[in-house]
Amino acid sequence: MRSLADTVARLAARQKQIDGVLNGHDENHRFSQLQEFGSNPGHLRGWTYRPKDLAAHAPLVVVLHGCTQSAASYDRGAGWSRMADRNGFALLLPEQRRSNNANLCFNWFIPEDTRRGSGEALSIRQMIEAVVTAHDMDRTRIFITGLSAGGAMAAAMLAIYPEVFAGGAVIAGLPYGSASSLPQAFDRMRGRSGPTARRLAATVQQASGHSGSWPKLSVWHGSADTTVSPVNSDQLVGQWLTLLGQSGSQPETEERQGYRHDVWKDAANEEVIESYLIQGMGHGTPVDSADGLGHGGSFMIDTGISSTSLISRFWGLEDASFEGQSPNAHLPATLAVAHPPFEPRGGPAAGPGQLIESALRAAGLMK
């Protein structure tokens with residue numbers, strides 16, 4: 001009989017072989033690797049995707065994969081690059097390294113990686129700044145989504161850099177500030193204890209010192225998820241409702257075959273938070289293999305419900321034509337974040353690397 005150590009070694013070798021396939025040409029041929037984006041304190045890898053003939057000032061969507069996945073394998077399942085082709089936006093796909101986390105999870109529960117100006121969170125922020133600067137993206141239409149640990153990291157990015165994002169989507173994730181150690185992370189994933197909604201909201205407020213409007217939020221979970229309890233979805237919604245001063249407000253609820261959809265609106269009757277509970281679904285991202293976008297697979301669950309399409313619609317990206325419109329025309333007035341035009345330092349002869357470095361320094365993301 002093989003020893004436990006031998007079995008673990010064989011599994012690790014098999015996983016490394018799988019990673020080689022997922023990170024190889026067949027998976028990554030659609031993407032360009034992001035080479036220069038600052039100090040990268042979180043030691044992450046980054047990939048980008050820009051549809052052919054992408055218009056100037058296009059939106060940017062940041063996509064964070066789940067544990068054991070690569071950026072490319074998650075995109076193959078969720079179909080974000082195909083959605084980008086349909087609706088004219090660019091993608092940024094940060095990717096975890098095994099040297100940071102053996103299971104390729106973003107470290108959403110480590111304070112140093114989820115603090116403004118630090119660790120993995122700063123690496124992602126630097127990637128965003130580099131892409132926006134290099135490709136003249138629209139700063140008022142930056143969005144972020146993720147699955148599981150990627151969803152929890154997306155929640156962290158929304159909390160600590162709210163001025164950057166117009167909206168976010170968290171799939172099978174957890175609220176920001178719910179855990180600060182590995183044992184706490186496991187407890188929260190199982191739905192055990194956890195801070196109150198008021199405490200969670202205060203944690204978000206303290207994380208950034210933000211005093212403006214907040215990004216709109218889409219929350220997704222499977223009712224049969226035994227990896228990350230659906231309780232976390234309720235806590236995340238409660239955190240943001242309290243943050244928006246709508247604690248205790250009742251949603252508009254739509255019951256359909258296979259899911260429940262709750263929507264909360266602001267005083268202007270604009271949707272600010274939505275929640276999907278997919279009946280009988282386990283841990284993963286709901287996709288619809290018939291829609292030409294997604295594909296079922298590991299943690300990509302073919303429910304006939306395309307989360308990618310519905311999230312894009314919630315954000316105002318689905319079937320959107322921005323030509324001739326105000327940059328904030330698709331956003332509720334209370335959520336439209338004003339950003340000053342970015343002017344990197346350096347003369348006209350500066351190369352791309354110099355421009356990006358100047359941009360990061362000017363934004364305070366690099367010393």
# chains A, B, ... in the order shown; residues from 1 in each chain; ligands from 1
$ closest_atom_pairs --of "segment 216-255 of chain A" --to "segment 179-196 of chain A" --cutoff "8 Å" --atoms "only C-alpha atoms" --output "CSV"
residue,atom,partner,partner_atom,distance
A:Thr226,CA,A:Arg190,CA,7.4
A:Thr227,CA,A:Met189,CA,6.6
A:Val228,CA,A:Met189,CA,4.4
A:Ser229,CA,A:Gly191,CA,5.2
A:Pro230,CA,A:Gly191,CA,7.6
A:Val231,CA,A:Gly191,CA,5.6
A:Asn232,CA,A:Gly191,CA,6.5
$ residues_around --residues "Gly66 of chain A" --least-positions-apart "4" --cutoff "8 Å" --atoms "only C-alpha atoms" --output "short mmCIF file (atom, residue, chain, number, x, y, z; two decimals) with N, CA and C atoms, in the first residue's frame"
data_model
loop_
_atom_site.label_atom_id
_atom_site.label_comp_id
_atom_site.auth_asym_id
_atom_site.auth_seq_id
_atom_site.Cartn_x
_atom_site.Cartn_y
_atom_site.Cartn_z
N SER A 70 -7.38 28.10 -13.46
CA SER A 70 -6.55 29.14 -14.06
C SER A 70 -7.47 30.21 -14.60
N TYR A 74 -11.23 29.28 -16.28
CA TYR A 74 -12.46 29.91 -15.80
C TYR A 74 -13.17 30.64 -16.93
N LEU A 104 -4.18 27.40 -5.54
CA LEU A 104 -4.44 28.49 -6.49
C LEU A 104 -5.62 29.36 -6.09
N CYS A 105 -5.89 29.44 -4.79
CA CYS A 105 -6.94 30.33 -4.30
C CYS A 105 -6.36 31.73 -4.09
N PHE A 106 -7.11 32.76 -4.42
CA PHE A 106 -6.73 34.09 -3.98
C PHE A 106 -6.85 34.13 -2.45
N GLY A 146 -15.98 37.42 -9.58
CA GLY A 146 -15.16 36.27 -9.24
C GLY A 146 -15.97 35.15 -8.63
N LEU A 147 -15.39 33.95 -8.66
CA LEU A 147 -16.01 32.75 -8.09
C LEU A 147 -15.28 32.32 -6.84
N SER A 148 -16.03 31.97 -5.78
CA SER A 148 -15.49 31.35 -4.57
C SER A 148 -14.42 32.25 -3.95
N ALA A 149 -13.16 31.78 -3.86
CA ALA A 149 -12.10 32.63 -3.33
C ALA A 149 -11.94 33.87 -4.20
N GLY A 150 -12.13 33.70 -5.52
CA GLY A 150 -12.11 34.84 -6.42
C GLY A 150 -13.26 35.78 -6.16
N GLY A 151 -14.42 35.22 -5.77
CA GLY A 151 -15.56 36.06 -5.41
C GLY A 151 -15.31 36.82 -4.13
#
$ residues_around --residues "Asn40 of chain A" --least-positions-apart "2" --cutoff "8 Å" --atoms "only C-alpha atoms" --output "MDAnalysis selection string"
chainID A and resid 37:38 42:44 119:120 122:123 126
$ residues_around --residues "segment 169-177 of chain A" --least-positions-apart "2" --cutoff "7 Å" --atoms "only C-alpha atoms" --output "list of chain:residue names"
A:Ile144, A:Thr145, A:Gly146, A:Leu147, A:Ser148, A:Ala149, A:Gly151, A:Ala152, A:Ala154, A:Ala155, A:Ala156, A:Ala159, A:Ala179, A:Leu200, A:Thr203, A:Leu217, A:Ser218, A:Val219, A:Trp220, A:His221, A:Val228, A:Asn232, A:Ser233, A:Gln235, A:Leu236, A:His283, A:Gly284, A:Thr285, A:Ile311
$ write_last_selection --atoms "N, CA and C atoms" --output "PDB file, in the first residue's frame"
ATOM      1  N   ILE A 144     -15.921  44.201 -11.660  1.00  0.00           N
ATOM      2  CA  ILE A 144     -15.141  43.057 -11.182  1.00  0.00           C
ATOM      3  C   ILE A 144     -16.071  41.934 -10.756  1.00  0.00           C
ATOM      4  N   THR A 145     -15.666  40.702 -11.072  1.00  0.00           N
ATOM      5  CA  THR A 145     -16.442  39.522 -10.686  1.00  0.00           C
ATOM      6  C   THR A 145     -15.490  38.389 -10.330  1.00  0.00           C
ATOM      7  N   GLY A 146     -15.980  37.416  -9.582  1.00  0.00           N
ATOM      8  CA  GLY A 146     -15.155  36.270  -9.243  1.00  0.00           C
ATOM      9  C   GLY A 146     -15.965  35.148  -8.629  1.00  0.00           C
ATOM     10  N   LEU A 147     -15.393  33.954  -8.655  1.00  0.00           N
ATOM     11  CA  LEU A 147     -16.014  32.749  -8.093  1.00  0.00           C
ATOM     12  C   LEU A 147     -15.276  32.319  -6.838  1.00  0.00           C
ATOM     13  N   SER A 148     -16.031  31.972  -5.781  1.00  0.00           N
ATOM     14  CA  SER A 148     -15.486  31.354  -4.574  1.00  0.00           C
ATOM     15  C   SER A 148     -14.415  32.251  -3.950  1.00  0.00           C
ATOM     16  N   ALA A 149     -13.158  31.777  -3.858  1.00  0.00           N
ATOM     17  CA  ALA A 149     -12.100  32.631  -3.328  1.00  0.00           C
ATOM     18  C   ALA A 149     -11.935  33.867  -4.203  1.00  0.00           C
ATOM     19  N   GLY A 151     -14.417  35.224  -5.773  1.00  0.00           N
ATOM     20  CA  GLY A 151     -15.563  36.059  -5.407  1.00  0.00           C
ATOM     21  C   GLY A 151     -15.310  36.819  -4.131  1.00  0.00           C
ATOM     22  N   ALA A 152     -14.691  36.152  -3.144  1.00  0.00           N
ATOM     23  CA  ALA A 152     -14.354  36.829  -1.890  1.00  0.00           C
ATOM     24  C   ALA A 152     -13.325  37.921  -2.134  1.00  0.00           C
ATOM     25  N   ALA A 154     -13.040  39.542  -4.992  1.00  0.00           N
ATOM     26  CA  ALA A 154     -13.788  40.604  -5.674  1.00  0.00           C
ATOM     27  C   ALA A 154     -14.511  41.472  -4.653  1.00  0.00           C
ATOM     28  N   ALA A 155     -15.099  40.834  -3.630  1.00  0.00           N
ATOM     29  CA  ALA A 155     -15.763  41.590  -2.562  1.00  0.00           C
ATOM     30  C   ALA A 155     -14.763  42.474  -1.835  1.00  0.00           C
ATOM     31  N   ALA A 156     -13.556  41.974  -1.637  1.00  0.00           N
ATOM     32  CA  ALA A 156     -12.517  42.765  -0.984  1.00  0.00           C
ATOM     33  C   ALA A 156     -12.125  43.968  -1.833  1.00  0.00           C
ATOM     34  N   ALA A 159     -14.607  46.635  -1.613  1.00  0.00           N
ATOM     35  CA  ALA A 159     -14.591  47.281  -0.299  1.00  0.00           C
ATOM     36  C   ALA A 159     -13.436  48.259  -0.151  1.00  0.00           C
ATOM     37  N   ALA A 179     -13.375  37.100   7.752  1.00  0.00           N
ATOM     38  CA  ALA A 179     -12.335  36.225   8.302  1.00  0.00           C
ATOM     39  C   ALA A 179     -10.982  36.886   8.154  1.00  0.00           C
ATOM     40  N   LEU A 200     -19.828  44.221   9.721  1.00  0.00           N
ATOM     41  CA  LEU A 200     -19.287  43.996   8.381  1.00  0.00           C
ATOM     42  C   LEU A 200     -19.311  45.286   7.555  1.00  0.00           C
ATOM     43  N   THR A 203     -16.600  47.584   8.697  1.00  0.00           N
ATOM     44  CA  THR A 203     -15.302  47.127   8.207  1.00  0.00           C
ATOM     45  C   THR A 203     -15.041  47.653   6.805  1.00  0.00           C
ATOM     46  N   LEU A 217     -24.033  45.908  -6.834  1.00  0.00           N
ATOM     47  CA  LEU A 217     -23.539  44.571  -6.502  1.00  0.00           C
ATOM     48  C   LEU A 217     -24.531  43.486  -6.893  1.00  0.00           C
ATOM     49  N   SER A 218     -24.015  42.449  -7.559  1.00  0.00           N
ATOM     50  CA  SER A 218     -24.788  41.249  -7.904  1.00  0.00           C
ATOM     51  C   SER A 218     -24.209  40.069  -7.128  1.00  0.00           C
ATOM     52  N   VAL A 219     -25.061  39.334  -6.413  1.00  0.00           N
ATOM     53  CA  VAL A 219     -24.621  38.237  -5.541  1.00  0.00           C
ATOM     54  C   VAL A 219     -25.289  36.942  -6.002  1.00  0.00           C
ATOM     55  N   TRP A 220     -24.491  35.873  -6.148  1.00  0.00           N
ATOM     56  CA  TRP A 220     -24.983  34.584  -6.660  1.00  0.00           C
ATOM     57  C   TRP A 220     -24.565  33.456  -5.721  1.00  0.00           C
ATOM     58  N   HIS A 221     -25.474  32.482  -5.546  1.00  0.00           N
ATOM     59  CA  HIS A 221     -25.141  31.321  -4.724  1.00  0.00           C
ATOM     60  C   HIS A 221     -26.068  30.153  -5.076  1.00  0.00           C
ATOM     61  N   VAL A 228     -19.089  26.537   0.314  1.00  0.00           N
ATOM     62  CA  VAL A 228     -19.299  27.858   0.902  1.00  0.00           C
ATOM     63  C   VAL A 228     -20.788  27.994   1.171  1.00  0.00           C
ATOM     64  N   ASN A 232     -23.435  32.867   3.590  1.00  0.00           N
ATOM     65  CA  ASN A 232     -22.506  33.936   3.235  1.00  0.00           C
ATOM     66  C   ASN A 232     -23.102  34.900   2.222  1.00  0.00           C
ATOM     67  N   SER A 233     -23.952  34.398   1.349  1.00  0.00           N
ATOM     68  CA  SER A 233     -24.644  35.267   0.396  1.00  0.00           C
ATOM     69  C   SER A 233     -25.546  36.245   1.138  1.00  0.00           C
ATOM     70  N   GLN A 235     -25.207  37.203   4.223  1.00  0.00           N
ATOM     71  CA  GLN A 235     -24.373  38.131   4.983  1.00  0.00           C
ATOM     72  C   GLN A 235     -23.778  39.208   4.089  1.00  0.00           C
ATOM     73  N   LEU A 236     -23.401  38.834   2.877  1.00  0.00           N
ATOM     74  CA  LEU A 236     -22.851  39.810   1.939  1.00  0.00           C
ATOM     75  C   LEU A 236     -23.902  40.842   1.552  1.00  0.00           C
ATOM     76  N   HIS A 283     -21.512  24.059  -5.472  1.00  0.00           N
ATOM     77  CA  HIS A 283     -20.509  25.121  -5.482  1.00  0.00           C
ATOM     78  C   HIS A 283     -19.989  25.361  -6.897  1.00  0.00           C
ATOM     79  N   GLY A 284     -20.213  26.531  -7.419  1.00  0.00           N
ATOM     80  CA  GLY A 284     -19.701  26.854  -8.744  1.00  0.00           C
ATOM     81  C   GLY A 284     -20.435  28.003  -9.391  1.00  0.00           C
ATOM     82  N   THR A 285     -20.068  28.277 -10.623  1.00  0.00           N
ATOM     83  CA  THR A 285     -20.670  29.342 -11.419  1.00  0.00           C
ATOM     84  C   THR A 285     -21.753  28.763 -12.313  1.00  0.00           C
ATOM     85  N   ILE A 311     -25.327  39.031 -15.311  1.00  0.00           N
ATOM     86  CA  ILE A 311     -24.481  40.014 -14.637  1.00  0.00           C
ATOM     87  C   ILE A 311     -24.171  41.174 -15.583  1.00  0.00           C
TER      88      ILE A 311
END
$ select_by_dssp --residues "segment 168-315 of chain A" --states "strand (DSSP E or B)" --output "MDAnalysis selection string"
chainID A and resid 168:171 216:222 252:256 259:265 271:278 285:287 297 300:302
$ residues_around --residues "segment 78-88 of chain A" --least-positions-apart "5" --cutoff "9 Å" --atoms "only C-alpha atoms" --output "PyMOL selection string"
chain A and resi 30+49-55+58-59+61+63+73+285-288+292-296+300+306-309+312+317-321
$ write_last_selection --atoms "N, CA and C atoms" --output "short mmCIF file (atom, residue, chain, number, x, y, z; two decimals), in the first residue's frame"
data_model
loop_
_atom_site.label_atom_id
_atom_site.label_comp_id
_atom_site.auth_asym_id
_atom_site.auth_seq_id
_atom_site.Cartn_x
_atom_site.Cartn_y
_atom_site.Cartn_z
N ARG A 30 -6.14 33.00 -26.54
CA ARG A 30 -6.99 34.19 -26.68
C ARG A 30 -6.45 35.39 -25.91
N TYR A 49 -7.59 40.56 -22.42
CA TYR A 49 -8.26 40.21 -23.68
C TYR A 49 -8.95 41.45 -24.21
N ARG A 50 -8.69 41.78 -25.49
CA ARG A 50 -9.33 42.92 -26.14
C ARG A 50 -9.89 42.45 -27.46
N PRO A 51 -11.22 42.53 -27.64
CA PRO A 51 -11.81 42.15 -28.92
C PRO A 51 -11.22 42.96 -30.07
N LYS A 52 -11.26 42.40 -31.25
CA LYS A 52 -10.78 43.10 -32.43
C LYS A 52 -11.61 44.37 -32.65
N ASP A 53 -10.93 45.44 -33.02
CA ASP A 53 -11.59 46.72 -33.31
C ASP A 53 -12.36 47.25 -32.09
N LEU A 54 -11.80 47.06 -30.90
CA LEU A 54 -12.43 47.58 -29.69
C LEU A 54 -12.47 49.11 -29.74
N ALA A 55 -13.61 49.68 -29.44
CA ALA A 55 -13.77 51.14 -29.49
C ALA A 55 -12.97 51.80 -28.38
N ALA A 58 -13.62 52.02 -23.95
CA ALA A 58 -14.48 50.86 -23.72
C ALA A 58 -14.46 50.47 -22.24
N PRO A 59 -15.49 49.75 -21.78
CA PRO A 59 -15.49 49.26 -20.39
C PRO A 59 -14.43 48.19 -20.18
N VAL A 61 -13.75 44.72 -17.66
CA VAL A 61 -14.25 43.76 -16.68
C VAL A 61 -13.08 42.95 -16.14
N VAL A 63 -11.90 39.71 -14.04
CA VAL A 63 -12.46 38.38 -13.76
C VAL A 63 -11.48 37.58 -12.91
N SER A 73 -9.02 28.73 -17.85
CA SER A 73 -10.02 27.68 -17.67
C SER A 73 -11.33 28.26 -17.15
N THR A 285 -20.07 28.28 -10.62
CA THR A 285 -20.67 29.34 -11.42
C THR A 285 -21.75 28.76 -12.31
N PRO A 286 -22.98 29.29 -12.26
CA PRO A 286 -24.03 28.79 -13.15
C PRO A 286 -23.81 29.26 -14.59
N VAL A 287 -23.83 28.32 -15.52
CA VAL A 287 -23.65 28.64 -16.94
C VAL A 287 -24.75 27.97 -17.75
N ASP A 288 -24.87 28.41 -18.98
CA ASP A 288 -25.84 27.85 -19.92
C ASP A 288 -25.08 27.45 -21.17
N GLY A 292 -23.96 29.78 -26.21
CA GLY A 292 -22.80 30.15 -26.98
C GLY A 292 -21.72 30.85 -26.18
N LEU A 293 -21.92 30.97 -24.87
CA LEU A 293 -20.94 31.64 -24.02
C LEU A 293 -20.20 30.64 -23.15
N GLY A 294 -20.95 29.95 -22.28
CA GLY A 294 -20.34 29.12 -21.26
C GLY A 294 -20.29 27.64 -21.61
N HIS A 295 -19.53 26.90 -20.80
CA HIS A 295 -19.41 25.46 -20.94
C HIS A 295 -19.36 24.84 -19.54
N GLY A 296 -20.10 23.76 -19.35
CA GLY A 296 -20.05 23.06 -18.07
C GLY A 296 -18.70 22.43 -17.85
N MET A 300 -18.08 24.72 -12.91
CA MET A 300 -18.86 25.46 -13.90
C MET A 300 -20.11 24.62 -14.14
N SER A 306 -27.40 31.59 -17.41
CA SER A 306 -26.11 32.21 -17.70
C SER A 306 -25.85 33.37 -16.76
N SER A 307 -25.04 33.13 -15.74
CA SER A 307 -24.70 34.23 -14.82
C SER A 307 -23.93 35.32 -15.55
N THR A 308 -23.09 34.94 -16.50
CA THR A 308 -22.31 35.93 -17.25
C THR A 308 -23.22 36.90 -17.99
N SER A 309 -24.25 36.37 -18.65
CA SER A 309 -25.18 37.23 -19.39
C SER A 309 -25.99 38.12 -18.45
N SER A 312 -23.85 40.85 -16.84
CA SER A 312 -23.58 41.89 -17.83
C SER A 312 -24.77 42.81 -18.00
N LEU A 317 -23.98 46.34 -19.53
CA LEU A 317 -23.06 46.02 -20.63
C LEU A 317 -23.71 45.17 -21.71
N GLU A 318 -24.71 44.43 -21.39
CA GLU A 318 -25.36 43.53 -22.35
C GLU A 318 -26.08 44.34 -23.41
N ASP A 319 -25.74 44.09 -24.67
CA ASP A 319 -26.37 44.75 -25.81
C ASP A 319 -26.29 46.27 -25.72
N ALA A 320 -25.24 46.76 -25.07
CA ALA A 320 -25.11 48.21 -24.91
C ALA A 320 -24.36 48.81 -26.09
N SER A 321 -24.80 49.98 -26.52
CA SER A 321 -24.09 50.75 -27.53
C SER A 321 -23.81 52.11 -26.93
#
$ closest_residue --among "A:Ala224, A:Leu93, A:Ile278, A:Ala202" --to "Leu244 of chain A" --atoms "only C-alpha atoms"
A:Ala202
$ closest_residue --among "A:His29, A:Arg260, A:Arg45, A:His210" --to "Pro94 of chain A" --atoms "only C-alpha atoms"
A:Arg45
$ select_by_dssp --residues "segment 127-205 of chain A" --states "helix (DSSP H, G or I)" --output "PyMOL selection string"
chain A and resi 127-135+149-160+182-189+197-205
$ atom_distance --atom1 "atom CA of Glu163 of chain A" --atom2 "atom CA of Asp234 of chain A"
24.1 Å
$ residues_around --residues "Ser208 of chain A" --least-positions-apart "2" --cutoff "9 Å" --atoms "only C-alpha atoms" --output "list in words"
Arg115, Arg116, Ala159, Ile160, Tyr161, Pro162, Val204, Gln205, Gln206, His210 and Ser211 of chain A
$ write_last_selection --atoms "N, CA and C atoms" --output "PDB file, in the first residue's frame"
ATOM      1  N   ARG A 115      -5.750  44.360   2.101  1.00  0.00           N
ATOM      2  CA  ARG A 115      -5.685  45.710   2.645  1.00  0.00           C
ATOM      3  C   ARG A 115      -5.351  46.679   1.511  1.00  0.00           C
ATOM      4  N   ARG A 116      -5.971  47.843   1.535  1.00  0.00           N
ATOM      5  CA  ARG A 116      -5.690  48.861   0.529  1.00  0.00           C
ATOM      6  C   ARG A 116      -4.194  49.187   0.522  1.00  0.00           C
ATOM      7  N   ALA A 159     -14.607  46.635  -1.613  1.00  0.00           N
ATOM      8  CA  ALA A 159     -14.591  47.281  -0.299  1.00  0.00           C
ATOM      9  C   ALA A 159     -13.436  48.259  -0.151  1.00  0.00           C
ATOM     10  N   ILE A 160     -12.253  47.886  -0.621  1.00  0.00           N
ATOM     11  CA  ILE A 160     -11.081  48.715  -0.355  1.00  0.00           C
ATOM     12  C   ILE A 160     -10.770  49.695  -1.481  1.00  0.00           C
ATOM     13  N   TYR A 161     -11.328  49.452  -2.678  1.00  0.00           N
ATOM     14  CA  TYR A 161     -11.152  50.389  -3.791  1.00  0.00           C
ATOM     15  C   TYR A 161     -12.508  50.719  -4.431  1.00  0.00           C
ATOM     16  N   PRO A 162     -13.492  51.158  -3.652  1.00  0.00           N
ATOM     17  CA  PRO A 162     -14.834  51.380  -4.209  1.00  0.00           C
ATOM     18  C   PRO A 162     -14.873  52.473  -5.270  1.00  0.00           C
ATOM     19  N   VAL A 204     -16.075  47.652   5.961  1.00  0.00           N
ATOM     20  CA  VAL A 204     -15.936  48.189   4.600  1.00  0.00           C
ATOM     21  C   VAL A 204     -15.663  49.683   4.643  1.00  0.00           C
ATOM     22  N   GLN A 205     -16.418  50.399   5.461  1.00  0.00           N
ATOM     23  CA  GLN A 205     -16.238  51.849   5.555  1.00  0.00           C
ATOM     24  C   GLN A 205     -14.835  52.213   6.023  1.00  0.00           C
ATOM     25  N   GLN A 206     -14.320  51.447   6.973  1.00  0.00           N
ATOM     26  CA  GLN A 206     -12.996  51.726   7.515  1.00  0.00           C
ATOM     27  C   GLN A 206     -11.880  51.325   6.552  1.00  0.00           C
ATOM     28  N   HIS A 210     -13.929  55.749   2.198  1.00  0.00           N
ATOM     29  CA  HIS A 210     -14.700  56.259   1.056  1.00  0.00           C
ATOM     30  C   HIS A 210     -15.936  57.009   1.542  1.00  0.00           C
ATOM     31  N   SER A 211     -16.212  58.149   0.911  1.00  0.00           N
ATOM     32  CA  SER A 211     -17.386  58.939   1.294  1.00  0.00           C
ATOM     33  C   SER A 211     -18.323  59.191   0.115  1.00  0.00           C
TER      34      SER A 211
END
$ residues_around --residues "Ala201 of chain A" --least-positions-apart "2" --cutoff "7 Å" --atoms "only C-alpha atoms" --output "list of chain:residue names"
A:Ala197, A:Arg198, A:Arg199, A:Thr203, A:Val204, A:Gln205, A:Gln239, A:Trp240, A:Thr242, A:Leu243
$ closest_residue --among "A:Ser247, A:Arg76, A:Ala71, A:Asp113" --to "Asn100 of chain A" --atoms "only C-alpha atoms"
A:Asp113
$ closest_residue --among "A:Ile301, A:Val164, A:Gln35, A:Glu274" --to "Gly222 of chain A" --atoms "only C-alpha atoms"
A:Ile301
